[in-house]
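Structure file query.txt with compact mmCIF, C-alpha atoms:
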# COMPACT_ATOMS: atom_id res chain seq x y z
CA MET A 100 22.72 6.72 19.85
CA SER A 101 21.49 7.74 23.28
CA GLY A 102 22.12 5.87 26.54
CA ASP A 103 18.72 4.16 26.38
CA GLY A 104 19.46 2.32 23.14
CA SER A 105 17.64 4.71 20.85
CA ASP A 106 18.83 6.54 17.78
CA PRO A 107 16.44 9.49 17.53
CA GLY A 108 17.47 10.29 13.96
CA SER A 109 16.69 6.87 12.53
CA GLY A 110 13.78 5.62 14.61
CA GLU A 111 15.83 2.47 15.21
CA HIS A 112 16.34 1.27 18.75
CA VAL A 113 18.50 -1.41 20.35
CA VAL A 114 17.51 -3.55 23.32
CA ASP A 115 20.54 -5.33 24.75
CA ALA A 116 19.25 -8.47 26.45
CA ARG A 117 22.47 -10.46 26.17
CA GLY A 118 22.99 -12.72 29.17
CA LYS A 119 19.34 -12.54 30.23
CA ARG A 120 17.17 -15.66 30.39
CA CYS A 121 13.60 -16.24 29.28
CA PRO A 122 11.29 -14.37 29.59
CA ILE A 123 13.40 -11.25 30.23
CA PRO A 124 14.44 -10.51 26.60
CA VAL A 125 10.82 -10.23 25.44
CA ILE A 126 9.86 -8.32 28.59
CA ASP A 127 12.70 -5.86 27.92
CA LEU A 128 11.44 -5.50 24.34
CA ALA A 129 7.87 -4.81 25.48
CA ARG A 130 9.01 -2.26 28.08
CA HIS A 131 11.22 -0.50 25.56
CA VAL A 132 8.42 -0.27 23.00
CA ALA A 133 6.03 1.12 25.64
CA ALA A 134 8.61 3.72 26.71
CA HIS A 135 9.47 4.77 23.14
CA PRO A 136 6.22 5.12 21.19
CA THR A 137 7.95 6.77 18.21
CA ALA A 138 10.34 3.86 17.61
CA ARG A 139 9.91 2.20 14.23
CA ARG A 140 12.43 -0.64 14.43
CA VAL A 141 13.92 -2.44 17.39
CA LEU A 142 16.98 -4.65 17.30
CA VAL A 143 17.01 -7.08 20.22
CA LEU A 144 20.41 -8.55 21.07
CA ALA A 145 19.94 -11.84 22.91
CA THR A 146 21.87 -14.95 23.91
CA ASP A 147 18.90 -16.94 25.20
CA PRO A 148 17.72 -19.48 22.60
CA ALA A 149 14.11 -19.08 23.76
CA ALA A 150 14.10 -15.58 22.27
CA ALA A 151 13.91 -17.23 18.82
CA HIS A 152 10.36 -18.29 19.70
CA ASP A 153 9.34 -15.58 22.17
CA ILE A 154 10.07 -12.51 20.05
CA PRO A 155 8.18 -13.62 16.90
CA ALA A 156 5.27 -14.74 19.12
CA TRP A 157 5.22 -11.33 20.85
CA CYS A 158 5.16 -9.65 17.42
CA ARG A 159 2.17 -11.73 16.31
CA MET A 160 0.28 -11.02 19.54
CA ARG A 161 0.99 -7.28 19.39
CA GLY A 162 0.47 -6.77 15.65
CA HIS A 163 4.09 -5.96 14.87
CA ARG A 164 6.26 -7.46 12.13
CA PHE A 165 9.10 -9.83 12.90
CA VAL A 166 11.66 -9.04 10.19
CA GLU A 167 14.50 -11.48 10.76
CA GLU A 168 17.00 -13.02 13.09
CA ARG A 169 20.69 -13.22 12.37
CA SER A 170 23.68 -14.56 14.20
CA SER A 171 26.22 -11.98 15.33
CA GLY A 172 29.14 -13.61 17.10
CA ASP A 173 28.10 -14.73 20.57
CA HIS A 174 24.50 -13.50 20.28
CA THR A 175 21.56 -13.26 17.91
CA VAL A 176 20.02 -10.07 16.59
CA TYR A 177 16.23 -10.06 16.26
CA ILE A 178 14.79 -7.27 14.13
CA VAL A 179 11.28 -6.08 14.85
CA GLU A 180 9.37 -3.52 12.80
CA LEU A 181 6.81 -1.73 14.92
CA ILE A 182 3.46 -1.17 13.25
CA ASP A 183 1.42 1.84 14.31
CA PRO A 184 -2.00 0.68 15.54
CA ASP A 185 -3.65 3.06 13.05
CA ASP A 186 -1.85 1.31 10.15
CA ARG A 187 -2.89 -2.23 11.06
CA ALA A 188 -5.33 -4.09 8.89
CA PRO A 189 -8.74 -4.65 10.49

Would you mind writing the structure in this file as structure tokens?
Amino acid sequence: MSGDGSDPGSGEHVVDARGKRCPIPVIDLARHVAAHPTARRVLVLATDPAAAHDIPAWCRMRGHRFVEERSSGDHTVYIVELIDPDDRAP
């Protein structure tokens, strides 16, 4: 895994937004996706309860797939599958 939260071999990226308040976790997600166009999955680590609503809503608005959320100790992991614009249904 590189210092920016990416794992070039897997296409899976991690955005660590623990301790950040709404709307920063979803903003960090959007910035990360824009900066890493080859990412296929992003795991967002967040402690803010608003992320449970913000991240799925962002996925719907952007045409990506919200996979799941799961508790992991003191934070929640939100898994997002990024859909290439060319693969989206019309």

Any idea what the distance is between CA of Arg159 (chain A) and CA of Ala129 (chain A)?
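The value is 12.8 Å.
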
Out of A:Arg169, A:His152, A:His174, A:Arg161, which residue has the shortest atom-to-atom distance to Ala133 (chain A) when counting only C-alpha atoms?
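Of A:Arg169, A:His152, A:His174, A:Arg161, the one nearest Ala133 (chain A) is A:Arg161, counting only C-alpha atoms.
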
Please write as a PyMOL selection string the list of polymer residues whose atoms come within 12 Å of (24.0, -8.7, 27.2), counting only C-alpha atoms and keeping to the coordinates of the file.
chain A and resi 113-120+123-124+127+143-147+173-176

Writing out the chosen residues with C-alpha atoms as a CSV table (one decimal), in the coordinates of the input:
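Listed below is the output, selection12.csv:
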chain,number,residue,atom,x,y,z
A,113,VAL,CA,18.5,-1.4,20.4
A,114,VAL,CA,17.5,-3.6,23.3
A,115,ASP,CA,20.5,-5.3,24.8
A,116,ALA,CA,19.2,-8.5,26.4
A,117,ARG,CA,22.5,-10.5,26.2
A,118,GLY,CA,23.0,-12.7,29.2
A,119,LYS,CA,19.3,-12.5,30.2
A,120,ARG,CA,17.2,-15.7,30.4
A,123,ILE,CA,13.4,-11.2,30.2
A,124,PRO,CA,14.4,-10.5,26.6
A,127,ASP,CA,12.7,-5.9,27.9
A,143,VAL,CA,17.0,-7.1,20.2
A,144,LEU,CA,20.4,-8.6,21.1
A,145,ALA,CA,19.9,-11.8,22.9
A,146,THR,CA,21.9,-15.0,23.9
A,147,ASP,CA,18.9,-16.9,25.2
A,173,ASP,CA,28.1,-14.7,20.6
A,174,HIS,CA,24.5,-13.5,20.3
A,175,THR,CA,21.6,-13.3,17.9
A,176,VAL,CA,20.0,-10.1,16.6

Using only C-alpha atoms, which of the listed residues (A:Arg139, A:Glu180, A:Ala151, A:Val132) sits closest to Arg164 (chain A)?
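Going through A:Arg139, A:Glu180, A:Ala151, A:Val132 one by one, the smallest distance to Arg164 (chain A) is for A:Glu180.
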
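CA of Thr137 (chain A) is found 27.1 Å from CA of Ala149 (chain A).
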
Could you list as a PyMOL selection string every residue that has an atom within 6 Å of (15.6, -11.9, 13.3), using the file's coordinates and counting all atoms listed in the file?
chain A and resi 166-169+176-178

Just the number, please: distance in Å from CA of Pro184 (chain A) to CA of Pro148 (chain A), one decimal.
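Going from CA of Pro184 (chain A) over to CA of Pro148 (chain A), I get 29.1 Å.
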
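Comparing the minimum interatomic distances between Leu142 (chain A) and each of A:Leu128, A:Gly172, A:His163, A:Cys158, counting all atoms listed in the file, we find that A:Leu128 sits nearest.
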